[in-house]
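The structure appears below as structure tokens.
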Amino acid sequence: MDNKRIALVTGANKGIGLEIARQLTEAGVTVIIGSRDAGRGEEAVTNLAAHGLAATCLQLDVTDETSIAAAAAAISAEHGRLDILVNNAGIFDFADAAPSSASIAAVRKVLETNFIGALAVTQAMLPLLRKSPAGRIVNVSSSLGSLSVNSDPSSPYFAQRYIGYNASKAALNMLTIQLTEELRDAGIVVNSVSPGFVKTDLTGYGVMTPEEGAMLPVQHALGGTDNGRFIEPGGYTPW
Ligand code: NDP
């Protein structure tokens with residue numbers, strides 16, 4: 001059995017996911033880059049190799065059950081277990097707006113990717129995580145998914161109403177809460193981690209770089225005593 005920890009990062013061909021993959025590789029973890037487009041995954045592997053970092057990639061579309069099952073089978077065949085799962089893949093769509101006007105098609109797609117995708121990948125990877133001596137799941141969440149923040153007029157996020165995106169992260173947080181209890185006896189630690197406000201293709205602007213945004217998810221992927229928490233840079237986010 002490989003002594004190095006094995007991690008799968010979904011949506012890791014660019015943005016925060018790629019940085020999470022890079023930093024985990026630097027930390028000595030064997031990283032599998034999940035990419036919905038195989039070619040973009042290979043590009044990410046080449047990009048890391050140019051910096052002396054060896055990662056591998058798997059085609060993984062989190063909305064495609066066949067793709068998810070194939071990725072789980074490939075990890076099982078190659079490694080026999082999984083130690084770290086980072087559910088990072090996510091989308092944002094400007095047609096997903098306030099509840100009164102959001103495009104239902106956009107809302108459905110965002111929920112399908114950001115929540116159902118994370119749930120489906122987690123289900124498929126659980127048999128492999130159960131074989132880890134210390135499994136960890138990091139769900140990459142957002143303050144926009146906090147019910148407390150959304151109902152607090154003094155919050156800077158109060159007016160940011162994207163019903164699909166915000167609900168998808170609230171649902172992802174529910175997954176964190178329920179999984180934590182379900183997996184406690186198996187010793188698998190689960191947290192929701194917000195990277196902060198990061199400039200990526202998803203946001204177009206932000207106050208942090210992907211390198212900075214990846215730091216907290218990586219920290220909680222590697223260890224720590226938090227379990228079943230919603231964590232953001234600087235502390236805990238209220239659910
Ligand atoms: P990017 O758009 O840069 O990256 C998103 C990644 O998810 C891409 O690799 C994309 O792949 C992938 N992805 C999208 N749909 C799927 C799918 N169906 N299957 C597999 N992969 C998919 O965004 P960020 O790096 O900013 O976002 C990463 C995560 O961080 C998201 O979950 C986001 O919600 C969360 N987040 C981001 C914040 C920010 O400020 N940026 C703040 C809080 C949370 P492809 O290249 O093929 O499109």
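So you can find residues: chains in the structure tokens are A, B, ... in the order shown, residues in each start at 1, and ligands are numbered from 1 in order.
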
Show me which residues are within 8 Å of ligand 1 counting only C-alpha atoms and all ligand atoms, and format the list as a JSON list (two decimals) with N, CA and C atoms, in the first residue's frame.
```
[["chain", "number", "residue", "atom", "x", "y", "z"],
["A", 10, "THR", "N", -11.87, 17.72, -6.87],
["A", 10, "THR", "CA", -12.74, 17.88, -8.04],
["A", 10, "THR", "C", -12.62, 19.30, -8.59],
["A", 11, "GLY", "N", -12.83, 19.45, -9.90],
["A", 11, "GLY", "CA", -12.73, 20.78, -10.52],
["A", 11, "GLY", "C", -11.37, 21.39, -10.29],
["A", 12, "ALA", "N", -10.33, 20.58, -10.49],
["A", 12, "ALA", "CA", -8.97, 21.03, -10.10],
["A", 12, "ALA", "C", -8.11, 21.42, -11.30],
["A", 13, "ASN", "N", -8.72, 21.60, -12.45],
["A", 13, "ASN", "CA", -7.91, 21.99, -13.62],
["A", 13, "ASN", "C", -7.59, 23.47, -13.64],
["A", 14, "LYS", "N", -8.28, 24.27, -12.80],
["A", 14, "LYS", "CA", -7.99, 25.71, -12.76],
["A", 14, "LYS", "C", -8.47, 26.29, -11.43],
["A", 15, "GLY", "N", -8.24, 27.58, -11.26],
["A", 15, "GLY", "CA", -8.78, 28.31, -10.10],
["A", 15, "GLY", "C", -8.29, 27.78, -8.76],
["A", 16, "ILE", "N", -9.18, 27.84, -7.78],
["A", 16, "ILE", "CA", -8.84, 27.43, -6.41],
["A", 16, "ILE", "C", -8.51, 25.94, -6.38],
["A", 17, "GLY", "N", -9.24, 25.15, -7.16],
["A", 17, "GLY", "CA", -9.00, 23.70, -7.18],
["A", 17, "GLY", "C", -7.60, 23.34, -7.61],
["A", 18, "LEU", "N", -7.11, 24.00, -8.65],
["A", 18, "LEU", "CA", -5.74, 23.75, -9.13],
["A", 18, "LEU", "C", -4.73, 24.11, -8.04],
["A", 34, "GLY", "N", -9.24, 16.04, -10.53],
["A", 34, "GLY", "CA", -10.48, 15.73, -11.24],
["A", 34, "GLY", "C", -10.79, 16.87, -12.19],
["A", 35, "SER", "N", -11.04, 16.55, -13.44],
["A", 35, "SER", "CA", -11.34, 17.58, -14.43],
["A", 35, "SER", "C", -12.44, 17.08, -15.35],
["A", 36, "ARG", "N", -13.47, 17.90, -15.56],
["A", 36, "ARG", "CA", -14.58, 17.41, -16.39],
["A", 36, "ARG", "C", -14.13, 17.25, -17.84],
["A", 37, "ASP", "N", -13.10, 17.98, -18.24],
["A", 37, "ASP", "CA", -12.53, 17.84, -19.57],
["A", 37, "ASP", "C", -11.14, 17.20, -19.43],
["A", 40, "ARG", "N", -8.12, 19.39, -20.34],
["A", 40, "ARG", "CA", -7.79, 20.46, -19.38],
["A", 40, "ARG", "C", -7.12, 19.87, -18.14],
["A", 60, "LEU", "N", -13.44, 13.68, -14.72],
["A", 60, "LEU", "CA", -14.49, 13.59, -13.70],
["A", 60, "LEU", "C", -15.44, 14.77, -13.82],
["A", 61, "ASP", "N", -16.60, 14.47, -14.42],
["A", 61, "ASP", "CA", -17.69, 15.44, -14.47],
["A", 61, "ASP", "C", -18.62, 15.10, -13.31],
["A", 62, "VAL", "N", -18.74, 16.02, -12.35],
["A", 62, "VAL", "CA", -19.49, 15.70, -11.14],
["A", 62, "VAL", "C", -21.00, 15.59, -11.38],
["A", 63, "THR", "N", -21.44, 15.95, -12.59],
["A", 63, "THR", "CA", -22.87, 15.81, -12.91],
["A", 63, "THR", "C", -23.14, 14.54, -13.73],
["A", 64, "ASP", "N", -22.12, 13.73, -13.91],
["A", 64, "ASP", "CA", -22.24, 12.56, -14.79],
["A", 64, "ASP", "C", -21.92, 11.29, -13.98],
["A", 87, "ASN", "N", -14.29, 18.39, -2.31],
["A", 87, "ASN", "CA", -15.40, 18.70, -3.22],
["A", 87, "ASN", "C", -15.33, 20.18, -3.55],
["A", 88, "ASN", "N", -14.60, 20.48, -4.62],
["A", 88, "ASN", "CA", -14.33, 21.87, -4.99],
["A", 88, "ASN", "C", -15.11, 22.32, -6.23],
["A", 89, "ALA", "N", -15.41, 21.39, -7.13],
["A", 89, "ALA", "CA", -16.04, 21.77, -8.42],
["A", 89, "ALA", "C", -17.29, 22.61, -8.17],
["A", 90, "GLY", "N", -17.40, 23.70, -8.88],
["A", 90, "GLY", "CA", -18.58, 24.54, -8.70],
["A", 90, "GLY", "C", -18.76, 25.51, -9.85],
["A", 91, "ILE", "N", -19.99, 25.96, -9.99],
["A", 91, "ILE", "CA", -20.29, 26.96, -11.03],
["A", 91, "ILE", "C", -21.11, 28.09, -10.42],
["A", 92, "PHE", "N", -21.10, 29.20, -11.14],
["A", 92, "PHE", "CA", -21.90, 30.38, -10.81],
["A", 92, "PHE", "C", -22.47, 30.86, -12.13],
["A", 113, "THR", "N", -24.72, 20.88, -10.06],
["A", 113, "THR", "CA", -23.25, 20.83, -9.99],
["A", 113, "THR", "C", -22.76, 20.98, -8.55],
["A", 114, "ASN", "N", -23.18, 22.06, -7.91],
["A", 114, "ASN", "CA", -22.56, 22.43, -6.62],
["A", 114, "ASN", "C", -23.01, 21.55, -5.46],
["A", 117, "GLY", "N", -23.71, 17.26, -7.30],
["A", 117, "GLY", "CA", -22.40, 16.77, -7.75],
["A", 117, "GLY", "C", -21.54, 16.36, -6.57],
["A", 140, "VAL", "N", -15.90, 22.64, -0.33],
["A", 140, "VAL", "CA", -15.56, 24.05, -0.56],
["A", 140, "VAL", "C", -16.86, 24.85, -0.65],
["A", 141, "SER", "N", -17.12, 25.59, 0.42],
["A", 141, "SER", "CA", -18.39, 26.30, 0.56],
["A", 141, "SER", "C", -18.18, 27.81, 0.42],
["A", 142, "SER", "N", -19.18, 28.55, 0.82],
["A", 142, "SER", "CA", -19.13, 30.01, 0.68],
["A", 142, "SER", "C", -19.99, 30.64, 1.76],
["A", 143, "SER", "N", -19.59, 31.83, 2.20],
["A", 143, "SER", "CA", -20.42, 32.57, 3.16],
["A", 143, "SER", "C", -21.81, 32.81, 2.60],
["A", 144, "LEU", "N", -21.91, 32.82, 1.26],
["A", 144, "LEU", "CA", -23.23, 33.04, 0.63],
["A", 144, "LEU", "C", -24.18, 31.88, 0.95],
["A", 165, "TYR", "N", -27.14, 29.59, -6.34],
["A", 165, "TYR", "CA", -25.78, 29.46, -5.79],
["A", 165, "TYR", "C", -25.82, 29.43, -4.27],
["A", 169, "LYS", "N", -24.85, 26.14, -1.76],
["A", 169, "LYS", "CA", -23.84, 26.09, -0.70],
["A", 169, "LYS", "C", -24.50, 25.82, 0.66],
["A", 194, "SER", "N", -14.79, 27.79, 3.52],
["A", 194, "SER", "CA", -14.89, 28.88, 2.56],
["A", 194, "SER", "C", -13.49, 29.41, 2.28],
["A", 195, "PRO", "N", -13.13, 29.53, 1.00],
["A", 195, "PRO", "CA", -11.77, 29.99, 0.69],
["A", 195, "PRO", "C", -11.56, 31.48, 0.93],
["A", 196, "GLY", "N", -12.66, 32.25, 1.07],
["A", 196, "GLY", "CA", -12.54, 33.71, 1.06],
["A", 196, "GLY", "C", -12.99, 34.21, -0.31],
["A", 197, "PHE", "N", -12.81, 35.50, -0.55],
["A", 197, "PHE", "CA", -13.27, 36.09, -1.81],
["A", 197, "PHE", "C", -12.08, 36.13, -2.77],
["A", 198, "VAL", "N", -12.10, 35.23, -3.72],
["A", 198, "VAL", "CA", -10.93, 34.95, -4.54],
["A", 198, "VAL", "C", -11.18, 35.31, -6.01],
["A", 199, "LYS", "N", -10.21, 35.96, -6.63],
["A", 199, "LYS", "CA", -10.34, 36.31, -8.06],
["A", 199, "LYS", "C", -10.07, 35.05, -8.91],
["A", 200, "THR", "N", -11.12, 34.57, -9.54],
["A", 200, "THR", "CA", -11.00, 33.41, -10.43],
["A", 200, "THR", "C", -11.93, 33.64, -11.63],
["A", 201, "ASP", "N", -12.01, 32.69, -12.52],
["A", 201, "ASP", "CA", -12.95, 32.80, -13.64],
["A", 201, "ASP", "C", -14.39, 32.84, -13.12],
["A", 202, "LEU", "N", -14.64, 32.22, -11.96],
["A", 202, "LEU", "CA", -16.00, 32.16, -11.41],
["A", 202, "LEU", "C", -16.47, 33.53, -10.94],
["A", 203, "THR", "N", -15.57, 34.29, -10.31],
["A", 203, "THR", "CA", -15.96, 35.59, -9.74],
["A", 203, "THR", "C", -15.62, 36.75, -10.66],
["A", 205, "TYR", "N", -13.53, 38.85, -10.12],
["A", 205, "TYR", "CA", -12.77, 39.75, -9.27],
["A", 205, "TYR", "C", -12.78, 39.19, -7.85],
["A", 206, "GLY", "N", -11.96, 39.76, -6.99],
["A", 206, "GLY", "CA", -11.87, 39.26, -5.63],
["A", 206, "GLY", "C", -10.69, 39.90, -4.93],
["A", 208, "MET", "N", -8.54, 38.10, -2.94],
["A", 208, "MET", "CA", -7.48, 37.11, -2.68],
["A", 208, "MET", "C", -7.08, 36.44, -3.99],
["A", 210, "PRO", "N", -5.91, 32.86, -5.99],
["A", 210, "PRO", "CA", -6.22, 31.43, -5.80],
["A", 210, "PRO", "C", -5.25, 30.77, -4.83],
["A", 213, "GLY", "N", -6.51, 31.64, -1.51],
["A", 213, "GLY", "CA", -7.81, 31.00, -1.27],
["A", 213, "GLY", "C", -7.70, 29.51, -1.00]]
```

| task | Please provide the set of residues having any atom within 12 Å of range 97-102 of chain A, restricted to only C-alpha atoms, with same-chain residues fewer than 3 positions apart removed, written as a PyMOL selection string. | result | chain A and resi 92-94+105-110+158-167

| Å distance separating CA of Glu43 in chain A from CA of Cys57 in chain A, one decimal place | 9.5 Å

| Distance in Å - CA of Asn227 in chain A versus CA of Ala21 in chain A | 21.6 Å

| query | Near Gln178 in chain A, within 12 Å and counting only C-alpha atoms, which residues show up once chain neighbours fewer than 5 positions away are dropped, as a ChimeraX atom specification? | reply | /A:119,171-173,183-184,189-192,227-229

Keeping N, CA and C atoms, export the residues of the selection given above as a PDB file, in the first residue's frame.
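Below is the file that was written, out_21.pdb:
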```pdb
ATOM      1  N   LEU A 119     -22.549  15.571  -3.575  1.00  0.00           N
ATOM      2  CA  LEU A 119     -23.175  14.413  -2.917  1.00  0.00           C
ATOM      3  C   LEU A 119     -22.859  13.123  -3.673  1.00  0.00           C
ATOM      4  N   ALA A 171     -27.069  23.896   0.972  1.00  0.00           N
ATOM      5  CA  ALA A 171     -27.306  22.446   0.888  1.00  0.00           C
ATOM      6  C   ALA A 171     -26.001  21.680   1.092  1.00  0.00           C
ATOM      7  N   LEU A 172     -24.919  22.207   0.542  1.00  0.00           N
ATOM      8  CA  LEU A 172     -23.608  21.570   0.735  1.00  0.00           C
ATOM      9  C   LEU A 172     -23.256  21.566   2.231  1.00  0.00           C
ATOM     10  N   ASN A 173     -23.600  22.662   2.915  1.00  0.00           N
ATOM     11  CA  ASN A 173     -23.348  22.721   4.355  1.00  0.00           C
ATOM     12  C   ASN A 173     -24.185  21.677   5.104  1.00  0.00           C
ATOM     13  N   LEU A 183     -20.472   9.686   9.636  1.00  0.00           N
ATOM     14  CA  LEU A 183     -19.126   9.122   9.459  1.00  0.00           C
ATOM     15  C   LEU A 183     -18.256   9.219  10.703  1.00  0.00           C
ATOM     16  N   ARG A 184     -18.833   9.760  11.769  1.00  0.00           N
ATOM     17  CA  ARG A 184     -18.024   9.966  12.983  1.00  0.00           C
ATOM     18  C   ARG A 184     -17.378   8.656  13.455  1.00  0.00           C
ATOM     19  N   VAL A 189     -13.415  12.739   8.960  1.00  0.00           N
ATOM     20  CA  VAL A 189     -13.660  14.129   9.361  1.00  0.00           C
ATOM     21  C   VAL A 189     -14.219  14.906   8.166  1.00  0.00           C
ATOM     22  N   VAL A 190     -15.254  15.708   8.416  1.00  0.00           N
ATOM     23  CA  VAL A 190     -15.906  16.456   7.327  1.00  0.00           C
ATOM     24  C   VAL A 190     -16.062  17.921   7.734  1.00  0.00           C
ATOM     25  N   ASN A 191     -15.631  18.823   6.902  1.00  0.00           N
ATOM     26  CA  ASN A 191     -15.826  20.253   7.163  1.00  0.00           C
ATOM     27  C   ASN A 191     -16.244  20.995   5.898  1.00  0.00           C
ATOM     28  N   SER A 192     -16.991  22.075   6.084  1.00  0.00           N
ATOM     29  CA  SER A 192     -17.234  23.051   5.017  1.00  0.00           C
ATOM     30  C   SER A 192     -16.187  24.138   5.189  1.00  0.00           C
ATOM     31  N   ASN A 227     -14.236  19.346  13.215  1.00  0.00           N
ATOM     32  CA  ASN A 227     -15.051  18.331  12.555  1.00  0.00           C
ATOM     33  C   ASN A 227     -16.494  18.821  12.557  1.00  0.00           C
ATOM     34  N   GLY A 228     -17.118  18.853  11.374  1.00  0.00           N
ATOM     35  CA  GLY A 228     -18.494  19.324  11.287  1.00  0.00           C
ATOM     36  C   GLY A 228     -18.603  20.821  11.477  1.00  0.00           C
ATOM     37  N   ARG A 229     -17.582  21.564  11.045  1.00  0.00           N
ATOM     38  CA  ARG A 229     -17.591  23.017  11.199  1.00  0.00           C
ATOM     39  C   ARG A 229     -17.669  23.705   9.838  1.00  0.00           C
TER      40      ARG A 229
END
```

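Distance annotation: of A:Ala221, A:Arg22, A:Leu179, A:Ala69, the residue with the minimal separation from Ala50 in chain A is A:Arg22; atom set is only C-alpha atoms.
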
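The coordinates place CA of Ile84 in chain A at 8.6 Å from CA of Ala134 in chain A.
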